[in-house]
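Everything on this sheet refers to the single structure shown next.
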Amino acid sequence: MSQAFQADGPVPSANTVQALARALKLPVEELLALQRDADAGRGGKRLAPGRPIGQWEPHALEVHPAGPGSIVPGSDAPGARVLPGYVEREHDLVLAEAVRDVAAGRSRMLVLVGSSSTGKTRACWEAVQPLDGMGWRLWHPFDPTRAEAALEDLHRVGPRTVVWLNEAQHYLGDREAGERIAAVLHNLLTTPERGPVLVVGTLWPAYATRYTAMACPDGEDPHSRVRELLSGRTLTIPETFDAQALATAAALARSGDRLLADALTRAATDGRVAQDLAGAPELLNRYERATPVARAVLEAAMDARRLGVGLYLPQAFLTDAAADYLTDIEYDQLTEDWAEQAFAELAELVHGKQAPLRNTTPRPRRRPPTPCPPADSAPQATAGPMFRLADYLEQHGRTARRWQCPPASFWHAALTHLTNPDDLANLARAAEARHRLQWAHHLRDRAANHGSTDALYFLTLMREGAEDRQGAEDLAYQAADHGDTGTLFNLAAIREETGDRESAEHLYHQAADHGSTDALVRLCLIREEAGDRGGAEHLAHQAADRGRTDALVLLATMREEAGLRGGAEHLAHQAADRGRTGALVHLAKMREEAGDREGAEHLYHQAADHGDTDALVHLAAKWEEAGDRGGAEHLAHQAADRGRTGALVLLATMREDAGDREGAEHLYYQAADHGHTVALLKLALMREGVGDREGAEDLAQEAGTLALVRLAVVRERAGDREGAEHLYRQVADHGDIDALVHLATMREEAGDREGAEHLYRQAADRGVDDPMAMFDAKRKFVTRWPDGLDPDGVPTRPWR
């Protein structure tokens with residue numbers, strides 16, 4: 001106020017004049033008019049609004065932060081976040097044309113119309129970047145309100161200014177000022193001496209429709225000036241990325257754009273890449289700031305999805321599952337309507353029209369009518385509402401909760417409310433993988449009752465093991481009726497191993513009648529063993545016609561072993577003509593073992609002529625043994641160029657065994673350049689052998705966890721327990737259960753029983769899903785906890 005009354009002071013702002021008018025009860029509009037006249041009369045002492053474009057940070061202009069968030073390195077702006085690479089689309093061409101017009105001296109206005117988080121603001125930001133180098137300014141009116149700021153200073157906008165009207169409804173839709181702002185903008189755009197200027201804005205479709213709709217003849221016309229202003233100045237942008245935009249985004253992702261790569265894992269199918277990028281940070285915020293009950297529901301949903309439950313989660317299941325995710329204090333504070341409040345909280349939308357957990361209705365499966373509809377075609381009965389977890393939170397849960405074993409309420413809710421056989425079977429496997437044996441047993445029974453072929457297979461083996469042969473067959477037939485012939489086949493194989501050939505052959509025929517090609521192959525071999533060569537060959541061709549050319553290979557092998565070389569070679573050539581060139585290689589190996597080197601080489605060459613890379617590998621080895629190193633390398637490179645980089649590794653190993661370390665290392669590096677991880681392991685072991693431990697670790701890390709394990713074994717055998725444990729820990733941190741169990745064993749052997757128990761529990765909680773780790777880890781778990789573990793990790797009491 002003091003400055004406002006100084007004769008030689010600056011012209012007071014419109015805000016000051018308005019405040020003064022209200023305080024003195026003077027007419028506001030008259031004083032504002034005087035203020036504008038005074039401002040013009042002073043020759044524009046106040047700077048024109050805005051500042052150079054380069055001084056703006058895009059998020060300050062309301063470009064949505066993308067992805068989980070990372071700070072721009074070396075940025076002066078506090079909290080400046082990385083922007084994903086920009087993917088140009090059709091609307092960018094129109095924006096670029098507007099920018100060229102203003103650069104040439106013609107004022108333009110363009111308002112992008114599109115739904116939430118479709119990339120409107122980012123497109124405007126990218127479009128104005130060329131103007132930065134031409135000395136243009138950018139003005140974003142927003143203080144004290146957007147409409148007030150625009151109305152106050154639009155008359156002072158100077159040439160070469162970008163007027164930034166993001167969320168233009170706050171300007172043009174203002175009840176008191178919208179029409180006046182439209183009039184001032186019109187004046188700005190049509191007064192040549194004030195230009196060039198570029199006015200850019202964004203609107204949701206609903207606002208654009210409202211502002212441009214024609215008024216009824218006898219009704220009010222609240223947006224007449226706005227309608228005239230927007231006429232010919234709007235541009236609609238698409239909801240999704242089209243195929244070309246997705247391809248561009250994928251190329252940027254391959255070149256190192258992690259934000260785009262992450263978004264494409266979820267949005268590559270529906271093209272909602274911009275919405276995913278904009279919604280991800282807010283979805284994560286909503287999860288981290290959720291009320292305890294809402295967070296419990298979300299974590300139950302995350303666990304369900306990561307352990308194999310389908311997209312659609314019943315509300316009743318989530319409600320009951322959430323209980324044990326709460327602390328005792330949180331549980332005691334539950335109100336009667338806690339579930340209703342939690343689901344309402346999680347249904348609130350964030351950017352991109354996404355919700356952490358949204359109510360959904362599964363689409364019905366529509367298939368053409370058939371005489372015998374498949375077992376899974378019947379619609380699944382769903383009691384009550386179904387919900388779907390946001391893709392981003394599902395992905396976050398798979399990472400953040402990957403080592404967590406769900407609490408007891410989760411398993412109980414699954415057993416009580418889930419009916420989909422695949423969901424139940426997947427949870428049974430997950431429970432067993434975590435050594436929660438009692439829950440696995442009950443879930444598998446329920447899965448079998450609902451038609452799960454996986455559960456039926458498991459129960460079939462249990463019945464057969466208990467000598468309930470008829471019960472086992474009944475379950476196997478149930479599985480076959482549901483489309484799984486593997487159970488019948490495996491039951492037949494068990495009977496065959498126990499000497500009951502008649503029953504086995506009967507079951508094989510049943511499985512073949514249900515469409516099992518495995519059964520056809522086995523029947524073919526049984527016929528051959530019985531001397532029925534014609535029948536065997538007929539069955540082999542039947543199997544080959546269904547894609548099982550290995551039947552011809554197996555039959556060729558049997559005839560070669562029987563000394564019927566002509567018949568064997570004939571069948572091998574038939575298999576090769578069907579693309580199974582390995583048949584010729586297999587016969588060649590058999591002849592080589594029998595001492596027929598000439599016959600073997602003849603077949604190797606025939607296989608190589610058919611393009612078989614195995615044959616090239618074997619020939620390369622033969623030439624290396626014969627001393628023709630140049631020829632051997634040539635063949636190995638031929639094989640490597642066709643994808644068999646193992647040929648180079650084989651030659652390198654042969655040279656290493658012969659003492660030619662330099663030649664071996666040269667070939668290992670060539671194989672590594674082709675992406676062969678075994679070559680990296682070999683190089684790591686060579687580095688370890690000469691004492692270069694750091695170089696060995698670097699190469700092993702590049703090769704992957706199996707190489708680190710191998711290097712750890714080498715150090716352990718050399719007595720370096722500390723170095724071995726260091727490597728096992730690295731592997732365990734990458735999720736390898738076998739390494740964690742081995743660490744536990746090492747601790748146990750060192751007398752650290754408490755540390756060993758802790759590691760064994762960690763391994764059990766993570767779940768032994770890796771078949772390579774299954775045997776050793778399971779053996780350890782069964783030894784320690786024969787009846788399994790409860791969800792909280794306490795050993796289960798005897799229950800069987």
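In the structure tokens, each chain is lettered A, B, ... as it comes, each chain's residues begin at 1, and ligands are numbered from 1 in order of appearance.
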Quick one: which range 70-169 of chain A residues come within 6 Å of range 229-249 of chain A, and what is the nearest atom pair for each with the distance in Å to one decimal, counting only C-alpha atoms, rows ordered by chain and ascending number, as a tab-separated table?
```
residue	atom	partner	partner_atom	distance
A:Leu110	CA	A:Arg233	CA	4.9
A:Val111	CA	A:Thr234	CA	4.6
A:Leu112	CA	A:Leu235	CA	4.8
A:Val113	CA	A:Thr236	CA	4.6
A:Gly114	CA	A:Ile237	CA	5.5
A:Thr118	CA	A:Glu239	CA	5.8
```
Export of prior selection with N, CA and C atoms as a short mmCIF file (atom, residue, chain, number, x, y, z; two decimals), in the first residue's frame:
```
data_model
loop_
_atom_site.label_atom_id
_atom_site.label_comp_id
_atom_site.auth_asym_id
_atom_site.auth_seq_id
_atom_site.Cartn_x
_atom_site.Cartn_y
_atom_site.Cartn_z
N LEU A 110 -3.73 -22.81 -29.94
CA LEU A 110 -4.10 -24.20 -30.13
C LEU A 110 -4.38 -24.82 -28.76
N VAL A 111 -5.55 -25.43 -28.62
CA VAL A 111 -5.94 -26.09 -27.38
C VAL A 111 -6.06 -27.59 -27.66
N LEU A 112 -5.27 -28.40 -26.93
CA LEU A 112 -5.31 -29.85 -27.10
C LEU A 112 -6.43 -30.42 -26.24
N VAL A 113 -7.27 -31.23 -26.87
CA VAL A 113 -8.42 -31.82 -26.19
C VAL A 113 -8.19 -33.32 -26.07
N GLY A 114 -8.27 -33.82 -24.86
CA GLY A 114 -8.09 -35.26 -24.63
C GLY A 114 -8.38 -35.61 -23.19
N THR A 118 -3.36 -38.24 -21.19
CA THR A 118 -3.11 -38.78 -22.53
C THR A 118 -1.92 -38.13 -23.21
#
```
DSSP-assigned helix (DSSP H, G or I) among range 163-315 of chain A, expressed as a PyMOL selection string: chain A and resi 169-172+178-190+192-194+205-212+224-230+243-254+258-267+273-288+292-306+315
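Going from CA of Thr335 in chain A to CA of Leu393 in chain A covers 26.3 Å.
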Considering only C-alpha atoms, return as an mmCIF file with all heavy atoms, in the first residue's frame whatever protein or nucleic-acid residues lie within 12 Å of Asp391 in chain A, sequence-local ones (same chain, fewer than 3 positions apart) excluded.
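The file below, part-v9.cif, is the result:
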```cif
data_model
loop_
_atom_site.group_PDB
_atom_site.id
_atom_site.type_symbol
_atom_site.label_atom_id
_atom_site.label_comp_id
_atom_site.auth_asym_id
_atom_site.auth_seq_id
_atom_site.Cartn_x
_atom_site.Cartn_y
_atom_site.Cartn_z
ATOM 1 N N ASP A 262 9.557 -49.898 -18.676
ATOM 2 C CA ASP A 262 8.703 -50.355 -17.582
ATOM 3 C C ASP A 262 7.228 -50.212 -17.947
ATOM 4 O O ASP A 262 6.430 -51.129 -17.731
ATOM 5 C CB ASP A 262 9.030 -49.548 -16.329
ATOM 6 C CG ASP A 262 8.167 -49.954 -15.137
ATOM 7 O OD1 ASP A 262 8.165 -51.141 -14.788
ATOM 8 O OD2 ASP A 262 7.488 -49.072 -14.576
ATOM 9 N N ALA A 263 6.861 -49.067 -18.522
ATOM 10 C CA ALA A 263 5.458 -48.843 -18.879
ATOM 11 C C ALA A 263 4.993 -49.830 -19.942
ATOM 12 O O ALA A 263 3.852 -50.308 -19.905
ATOM 13 C CB ALA A 263 5.266 -47.409 -19.370
ATOM 14 N N LEU A 264 5.867 -50.159 -20.886
ATOM 15 C CA LEU A 264 5.479 -51.059 -21.969
ATOM 16 C C LEU A 264 5.220 -52.479 -21.481
ATOM 17 O O LEU A 264 4.505 -53.230 -22.136
ATOM 18 C CB LEU A 264 6.545 -51.061 -23.063
ATOM 19 C CG LEU A 264 6.589 -49.794 -23.927
ATOM 20 C CD1 LEU A 264 7.799 -49.803 -24.842
ATOM 21 C CD2 LEU A 264 5.305 -49.647 -24.752
ATOM 22 N N THR A 265 5.803 -52.851 -20.348
ATOM 23 C CA THR A 265 5.503 -54.186 -19.819
ATOM 24 C C THR A 265 4.038 -54.314 -19.439
ATOM 25 O O THR A 265 3.505 -55.418 -19.385
ATOM 26 C CB THR A 265 6.368 -54.499 -18.577
ATOM 27 O OG1 THR A 265 6.058 -53.558 -17.531
ATOM 28 C CG2 THR A 265 7.845 -54.426 -18.904
ATOM 29 N N ARG A 266 3.377 -53.188 -19.195
ATOM 30 C CA ARG A 266 1.964 -53.213 -18.802
ATOM 31 C C ARG A 266 1.038 -52.690 -19.887
ATOM 32 O O ARG A 266 -0.112 -53.103 -19.978
ATOM 33 C CB ARG A 266 1.761 -52.381 -17.531
ATOM 34 C CG ARG A 266 2.515 -52.878 -16.323
ATOM 35 C CD ARG A 266 2.296 -51.969 -15.126
ATOM 36 N NE ARG A 266 2.873 -50.642 -15.338
ATOM 37 C CZ ARG A 266 4.133 -50.309 -15.085
ATOM 38 N NH1 ARG A 266 4.969 -51.217 -14.622
ATOM 39 N NH2 ARG A 266 4.577 -49.084 -15.290
ATOM 40 N N ALA A 267 1.519 -51.745 -20.698
ATOM 41 C CA ALA A 267 0.615 -51.015 -21.595
ATOM 42 C C ALA A 267 0.852 -51.293 -23.072
ATOM 43 O O ALA A 267 0.235 -50.650 -23.913
ATOM 44 C CB ALA A 267 0.749 -49.512 -21.331
ATOM 45 N N ARG A 272 -2.111 -47.752 -23.705
ATOM 46 C CA ARG A 272 -2.322 -46.652 -22.756
ATOM 47 C C ARG A 272 -1.008 -46.321 -22.034
ATOM 48 O O ARG A 272 -0.912 -46.338 -20.804
ATOM 49 C CB ARG A 272 -3.428 -47.032 -21.769
ATOM 50 C CG ARG A 272 -4.800 -47.187 -22.438
ATOM 51 C CD ARG A 272 -5.843 -47.708 -21.453
ATOM 52 N NE ARG A 272 -6.086 -46.800 -20.350
ATOM 53 C CZ ARG A 272 -6.908 -45.757 -20.385
ATOM 54 N NH1 ARG A 272 -7.560 -45.473 -21.509
ATOM 55 N NH2 ARG A 272 -7.065 -44.987 -19.327
ATOM 56 N N GLN A 275 -1.027 -42.888 -19.999
ATOM 57 C CA GLN A 275 -1.785 -43.013 -18.754
ATOM 58 C C GLN A 275 -1.002 -43.816 -17.719
ATOM 59 O O GLN A 275 -1.016 -43.508 -16.528
ATOM 60 C CB GLN A 275 -3.138 -43.700 -19.019
ATOM 61 C CG GLN A 275 -4.092 -42.884 -19.853
ATOM 62 C CD GLN A 275 -3.959 -43.179 -21.338
ATOM 63 O OE1 GLN A 275 -2.879 -43.508 -21.825
ATOM 64 N NE2 GLN A 275 -5.057 -43.051 -22.065
ATOM 65 N N ASP A 276 -0.305 -44.851 -18.180
ATOM 66 C CA ASP A 276 0.480 -45.664 -17.259
ATOM 67 C C ASP A 276 1.612 -44.848 -16.647
ATOM 68 O O ASP A 276 1.854 -44.889 -15.438
ATOM 69 C CB ASP A 276 1.047 -46.882 -17.987
ATOM 70 C CG ASP A 276 1.734 -47.845 -17.040
ATOM 71 O OD1 ASP A 276 2.901 -47.578 -16.671
ATOM 72 O OD2 ASP A 276 1.132 -48.855 -16.658
ATOM 73 N N LEU A 277 2.307 -44.085 -17.475
ATOM 74 C CA LEU A 277 3.416 -43.269 -16.990
ATOM 75 C C LEU A 277 2.929 -42.231 -15.973
ATOM 76 O O LEU A 277 3.575 -41.982 -14.955
ATOM 77 C CB LEU A 277 4.107 -42.566 -18.158
ATOM 78 C CG LEU A 277 4.980 -43.454 -19.052
ATOM 79 C CD1 LEU A 277 5.312 -42.717 -20.340
ATOM 80 C CD2 LEU A 277 6.252 -43.871 -18.337
ATOM 81 N N GLY A 279 0.072 -42.343 -14.187
ATOM 82 C CA GLY A 279 -0.615 -42.894 -13.025
ATOM 83 C C GLY A 279 0.281 -43.633 -12.058
ATOM 84 O O GLY A 279 -0.029 -43.742 -10.873
ATOM 85 N N ALA A 280 1.416 -44.159 -12.554
ATOM 86 C CA ALA A 280 2.265 -45.002 -11.706
ATOM 87 C C ALA A 280 2.704 -44.315 -10.414
ATOM 88 O O ALA A 280 2.572 -44.903 -9.331
ATOM 89 C CB ALA A 280 3.475 -45.490 -12.505
ATOM 90 N N LEU A 283 -0.282 -44.029 -8.049
ATOM 91 C CA LEU A 283 -0.715 -45.334 -7.538
ATOM 92 C C LEU A 283 0.185 -45.791 -6.392
ATOM 93 O O LEU A 283 -0.288 -46.306 -5.375
ATOM 94 C CB LEU A 283 -0.694 -46.370 -8.668
ATOM 95 C CG LEU A 283 -1.834 -46.304 -9.677
ATOM 96 C CD1 LEU A 283 -1.549 -47.213 -10.862
ATOM 97 C CD2 LEU A 283 -3.167 -46.678 -9.032
ATOM 98 N N LEU A 284 1.500 -45.597 -6.579
ATOM 99 C CA LEU A 284 2.428 -45.987 -5.523
ATOM 100 C C LEU A 284 2.210 -45.133 -4.274
ATOM 101 O O LEU A 284 2.228 -45.647 -3.144
ATOM 102 C CB LEU A 284 3.863 -45.847 -6.023
ATOM 103 C CG LEU A 284 4.956 -46.389 -5.100
ATOM 104 C CD1 LEU A 284 4.732 -47.867 -4.801
ATOM 105 C CD2 LEU A 284 6.329 -46.173 -5.718
ATOM 106 N N ALA A 301 -4.403 -58.575 -2.274
ATOM 107 C CA ALA A 301 -4.556 -58.654 -3.733
ATOM 108 C C ALA A 301 -3.208 -58.870 -4.412
ATOM 109 O O ALA A 301 -3.090 -59.662 -5.355
ATOM 110 C CB ALA A 301 -5.221 -57.379 -4.249
ATOM 111 N N MET A 302 -2.161 -58.160 -3.954
ATOM 112 C CA MET A 302 -0.820 -58.341 -4.517
ATOM 113 C C MET A 302 -0.344 -59.783 -4.348
ATOM 114 O O MET A 302 0.197 -60.397 -5.282
ATOM 115 C CB MET A 302 0.167 -57.395 -3.821
ATOM 116 C CG MET A 302 0.006 -55.928 -4.162
ATOM 117 S SD MET A 302 1.171 -54.950 -3.160
ATOM 118 C CE MET A 302 0.829 -53.296 -3.769
ATOM 119 N N ARG A 305 -2.184 -62.216 -6.704
ATOM 120 C CA ARG A 305 -1.735 -62.171 -8.092
ATOM 121 C C ARG A 305 -0.346 -62.788 -8.270
ATOM 122 O O ARG A 305 -0.107 -63.536 -9.214
ATOM 123 C CB ARG A 305 -1.730 -60.725 -8.598
ATOM 124 C CG ARG A 305 -3.097 -60.146 -8.789
ATOM 125 C CD ARG A 305 -3.863 -60.834 -9.927
ATOM 126 N NE ARG A 305 -3.254 -60.545 -11.210
ATOM 127 C CZ ARG A 305 -2.999 -61.460 -12.153
ATOM 128 N NH1 ARG A 305 -3.307 -62.735 -11.938
ATOM 129 N NH2 ARG A 305 -2.447 -61.108 -13.305
ATOM 130 N N ARG A 306 0.565 -62.504 -7.337
ATOM 131 C CA ARG A 306 1.924 -63.027 -7.526
ATOM 132 C C ARG A 306 1.999 -64.535 -7.290
ATOM 133 O O ARG A 306 2.915 -65.198 -7.790
ATOM 134 C CB ARG A 306 2.919 -62.291 -6.625
ATOM 135 C CG ARG A 306 2.847 -62.571 -5.158
ATOM 136 C CD ARG A 306 3.812 -61.715 -4.354
ATOM 137 N NE ARG A 306 3.636 -61.886 -2.925
ATOM 138 C CZ ARG A 306 4.280 -62.796 -2.206
ATOM 139 N NH1 ARG A 306 5.175 -63.595 -2.780
ATOM 140 N NH2 ARG A 306 4.070 -62.900 -0.908
ATOM 141 N N LEU A 311 -6.926 -62.604 -12.750
ATOM 142 C CA LEU A 311 -7.106 -61.152 -12.701
ATOM 143 C C LEU A 311 -8.248 -60.724 -11.794
ATOM 144 O O LEU A 311 -8.182 -59.681 -11.149
ATOM 145 C CB LEU A 311 -7.376 -60.620 -14.111
ATOM 146 C CG LEU A 311 -6.198 -60.538 -15.068
ATOM 147 C CD1 LEU A 311 -6.700 -60.128 -16.448
ATOM 148 C CD2 LEU A 311 -5.166 -59.544 -14.565
ATOM 149 N N GLN A 354 -7.040 -44.439 -13.547
ATOM 150 C CA GLN A 354 -6.668 -45.685 -12.905
ATOM 151 C C GLN A 354 -7.034 -45.626 -11.426
ATOM 152 O O GLN A 354 -6.972 -44.572 -10.806
ATOM 153 C CB GLN A 354 -5.166 -45.940 -13.040
ATOM 154 C CG GLN A 354 -4.680 -46.025 -14.477
ATOM 155 C CD GLN A 354 -3.191 -46.292 -14.543
ATOM 156 O OE1 GLN A 354 -2.726 -47.405 -14.343
ATOM 157 N NE2 GLN A 354 -2.421 -45.255 -14.813
ATOM 158 N N ALA A 355 -7.383 -46.779 -10.885
ATOM 159 C CA ALA A 355 -7.658 -46.903 -9.453
ATOM 160 C C ALA A 355 -6.780 -48.015 -8.908
ATOM 161 O O ALA A 355 -6.496 -48.985 -9.614
ATOM 162 C CB ALA A 355 -9.130 -47.220 -9.210
ATOM 163 N N PRO A 356 -6.341 -47.919 -7.654
ATOM 164 C CA PRO A 356 -5.546 -49.010 -7.094
ATOM 165 C C PRO A 356 -6.249 -50.365 -7.194
ATOM 166 O O PRO A 356 -5.630 -51.380 -7.493
ATOM 167 C CB PRO A 356 -5.345 -48.582 -5.637
ATOM 168 C CG PRO A 356 -5.435 -47.085 -5.668
ATOM 169 C CD PRO A 356 -6.465 -46.780 -6.708
ATOM 170 N N LEU A 357 -7.550 -50.364 -6.934
ATOM 171 C CA LEU A 357 -8.334 -51.606 -6.995
ATOM 172 C C LEU A 357 -9.704 -51.240 -7.536
ATOM 173 O O LEU A 357 -10.451 -50.507 -6.882
ATOM 174 C CB LEU A 357 -8.447 -52.221 -5.591
ATOM 175 C CG LEU A 357 -8.946 -53.655 -5.501
ATOM 176 C CD1 LEU A 357 -7.903 -54.621 -6.039
ATOM 177 C CD2 LEU A 357 -9.280 -54.013 -4.053
ATOM 178 N N ARG A 358 -10.032 -51.727 -8.703
ATOM 179 C CA ARG A 358 -11.289 -51.293 -9.316
ATOM 180 C C ARG A 358 -12.285 -52.439 -9.424
ATOM 181 O O ARG A 358 -11.924 -53.591 -9.655
ATOM 182 C CB ARG A 358 -11.043 -50.684 -10.688
ATOM 183 C CG ARG A 358 -10.684 -51.666 -11.789
ATOM 184 C CD ARG A 358 -10.584 -50.946 -13.137
ATOM 185 N NE ARG A 358 -10.443 -51.836 -14.261
ATOM 186 C CZ ARG A 358 -9.293 -52.257 -14.753
ATOM 187 N NH1 ARG A 358 -8.163 -51.869 -14.196
ATOM 188 N NH2 ARG A 358 -9.258 -53.066 -15.797
ATOM 189 N N ARG A 388 -10.216 -55.863 -9.605
ATOM 190 C CA ARG A 388 -8.952 -56.059 -10.329
ATOM 191 C C ARG A 388 -7.906 -55.082 -9.808
ATOM 192 O O ARG A 388 -8.165 -53.874 -9.706
ATOM 193 C CB ARG A 388 -9.152 -55.871 -11.831
ATOM 194 C CG ARG A 388 -7.861 -56.047 -12.617
ATOM 195 C CD ARG A 388 -8.096 -56.114 -14.101
ATOM 196 N NE ARG A 388 -6.840 -56.152 -14.830
ATOM 197 C CZ ARG A 388 -6.725 -56.302 -16.143
ATOM 198 N NH1 ARG A 388 -7.825 -56.431 -16.879
ATOM 199 N NH2 ARG A 388 -5.540 -56.318 -16.717
ATOM 200 N N GLU A 394 0.326 -54.391 -9.114
ATOM 201 C CA GLU A 394 0.601 -55.831 -9.204
ATOM 202 C C GLU A 394 2.097 -56.069 -9.433
ATOM 203 O O GLU A 394 2.726 -56.905 -8.776
ATOM 204 C CB GLU A 394 -0.208 -56.449 -10.346
ATOM 205 C CG GLU A 394 0.086 -57.925 -10.548
ATOM 206 C CD GLU A 394 -0.584 -58.492 -11.784
ATOM 207 O OE1 GLU A 394 -1.692 -58.042 -12.118
ATOM 208 O OE2 GLU A 394 0.006 -59.382 -12.410
ATOM 209 N N GLN A 395 2.655 -55.313 -10.368
ATOM 210 C CA GLN A 395 4.078 -55.455 -10.672
ATOM 211 C C GLN A 395 4.930 -55.054 -9.473
ATOM 212 O O GLN A 395 5.918 -55.713 -9.139
ATOM 213 C CB GLN A 395 4.419 -54.591 -11.890
ATOM 214 C CG GLN A 395 5.709 -54.946 -12.578
ATOM 215 C CD GLN A 395 5.867 -54.174 -13.869
ATOM 216 O OE1 GLN A 395 5.865 -52.944 -13.879
ATOM 217 N NE2 GLN A 395 6.005 -54.879 -14.966
ATOM 218 N N HIS A 396 4.534 -53.979 -8.808
ATOM 219 C CA HIS A 396 5.258 -53.538 -7.614
ATOM 220 C C HIS A 396 5.202 -54.618 -6.528
ATOM 221 O O HIS A 396 6.209 -54.899 -5.866
ATOM 222 C CB HIS A 396 4.655 -52.240 -7.085
ATOM 223 C CG HIS A 396 5.264 -51.757 -5.810
ATOM 224 N ND1 HIS A 396 6.508 -51.181 -5.744
ATOM 225 C CD2 HIS A 396 4.797 -51.798 -4.524
ATOM 226 C CE1 HIS A 396 6.796 -50.872 -4.485
ATOM 227 N NE2 HIS A 396 5.779 -51.237 -3.728
ATOM 228 N N GLY A 397 4.050 -55.233 -6.369
ATOM 229 C CA GLY A 397 3.904 -56.266 -5.353
ATOM 230 C C GLY A 397 4.770 -57.479 -5.634
ATOM 231 O O GLY A 397 5.304 -58.104 -4.704
ATOM 232 N N ARG A 398 4.908 -57.834 -6.910
ATOM 233 C CA ARG A 398 5.739 -58.990 -7.256
ATOM 234 C C ARG A 398 7.191 -58.771 -6.838
ATOM 235 O O ARG A 398 7.908 -59.719 -6.515
ATOM 236 C CB ARG A 398 5.671 -59.266 -8.755
ATOM 237 C CG ARG A 398 4.328 -59.789 -9.224
ATOM 238 C CD ARG A 398 4.310 -60.071 -10.712
ATOM 239 N NE ARG A 398 2.978 -60.376 -11.173
ATOM 240 C CZ ARG A 398 2.388 -61.565 -11.068
ATOM 241 N NH1 ARG A 398 3.046 -62.564 -10.509
ATOM 242 N NH2 ARG A 398 1.168 -61.766 -11.507
#
```
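Every protein, DNA or RNA residue with an atom at most 12 Å from Asn449 in chain A, where only C-alpha atoms count and chain neighbours fewer than 5 positions away do not, is listed here: Leu415, Thr419, Asn420, Pro421, Asp422, Leu424, Ala425, His442, Leu443, Arg444, Asp454, Ala455, Leu456, Leu459, Leu475, Gln478 and Ala479 of chain A.
Residues in contact with Val521 in chain A at 10 Å, where only C-alpha atoms are counted and same-chain residues fewer than 2 positions away are skipped, are listed as Tyr508, Ala512, Ser516, Thr517, Asp518, Ala519, Leu523, Cys524, Leu525, Ile526, Ala536, Leu539, Ala540, His541, Gln542, Ala543, Ala544, Arg548, Thr549, Asp550, Ala551, Leu552, Leu554 and Leu555 of chain A.
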Could you give me, as CSV, a per-residue list for range 70-143 of chain A showing, wherever an atom lies at most 12 Å from an atom of range 199-202 of chain A, the closest pair of atoms and their distance in Å to one decimal, using only C-alpha atoms and sorting by chain then residue number from low to high?
```
residue,atom,partner,partner_atom,distance
A:Leu95,CA,A:Val200,CA,9.3
A:Ala98,CA,A:Val200,CA,9.8
A:Val99,CA,A:Val199,CA,10.3
A:Val102,CA,A:Val199,CA,10.0
A:Arg106,CA,A:Val199,CA,11.7
A:Ser107,CA,A:Val199,CA,8.2
A:Arg108,CA,A:Val199,CA,6.4
A:Met109,CA,A:Val199,CA,4.4
A:Leu110,CA,A:Val200,CA,5.1
A:Val111,CA,A:Gly201,CA,4.5
A:Leu112,CA,A:Thr202,CA,4.7
A:Val113,CA,A:Thr202,CA,5.8
A:Gly114,CA,A:Thr202,CA,7.7
A:Ser115,CA,A:Thr202,CA,9.8
A:Ser116,CA,A:Thr202,CA,10.2
A:Ser117,CA,A:Thr202,CA,11.0
A:Thr118,CA,A:Thr202,CA,10.8
A:Gly119,CA,A:Thr202,CA,10.0
A:Lys120,CA,A:Thr202,CA,6.4
A:Thr121,CA,A:Thr202,CA,6.8
A:Arg122,CA,A:Thr202,CA,10.4
A:Ala123,CA,A:Thr202,CA,10.0
A:Cys124,CA,A:Val200,CA,6.9
A:Trp125,CA,A:Val200,CA,9.5
A:Glu126,CA,A:Val200,CA,11.8
A:Ala127,CA,A:Val200,CA,9.8
A:Val128,CA,A:Val200,CA,9.3
A:Arg137,CA,A:Val199,CA,11.8
A:Leu138,CA,A:Val199,CA,9.7
A:Trp139,CA,A:Val199,CA,9.7
A:His140,CA,A:Val200,CA,10.3
A:Pro141,CA,A:Gly201,CA,11.8
```
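Distance annotation: of A:Leu491, A:Leu743, A:Leu318, A:Ala433, the residue with the minimal separation from His417 in chain A is A:Leu318; atom set is only C-alpha atoms.
In this comparison, which uses only C-alpha atoms, the residue of A:Leu759, A:Ala744, A:Ala703, A:Ala261 approaching Ala672 in chain A most closely is A:Ala703.
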Coordinates-based distance that separates CA of Val649 in chain A from CA of Ala679 in chain A (Å, one decimal): 6.1 Å
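Taking CA of Arg766 in chain A as the reference point, CA of Leu418 in chain A is found at 23.0 Å.
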Close residues, Glu633 in chain A itself excluded, 8 Å, only C-alpha atoms, min 4 positions apart in chain, as a PyMOL selection string: chain A and resi 620+629+637+648+651
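Here the DSSP assignment of strand (DSSP E), based on backbone atoms, applies within range 166-217 of chain A to A:Val197, A:Leu198, A:Val199, A:Val200, A:Gly201, A:Thr202, A:Leu203.
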All residues 8 Å or closer to Leu131 in chain A, only C-alpha atoms, same chain fewer than 3 positions away omitted, as an MDAnalysis selection string: chainID A and resid 53 99 103 128 134:136
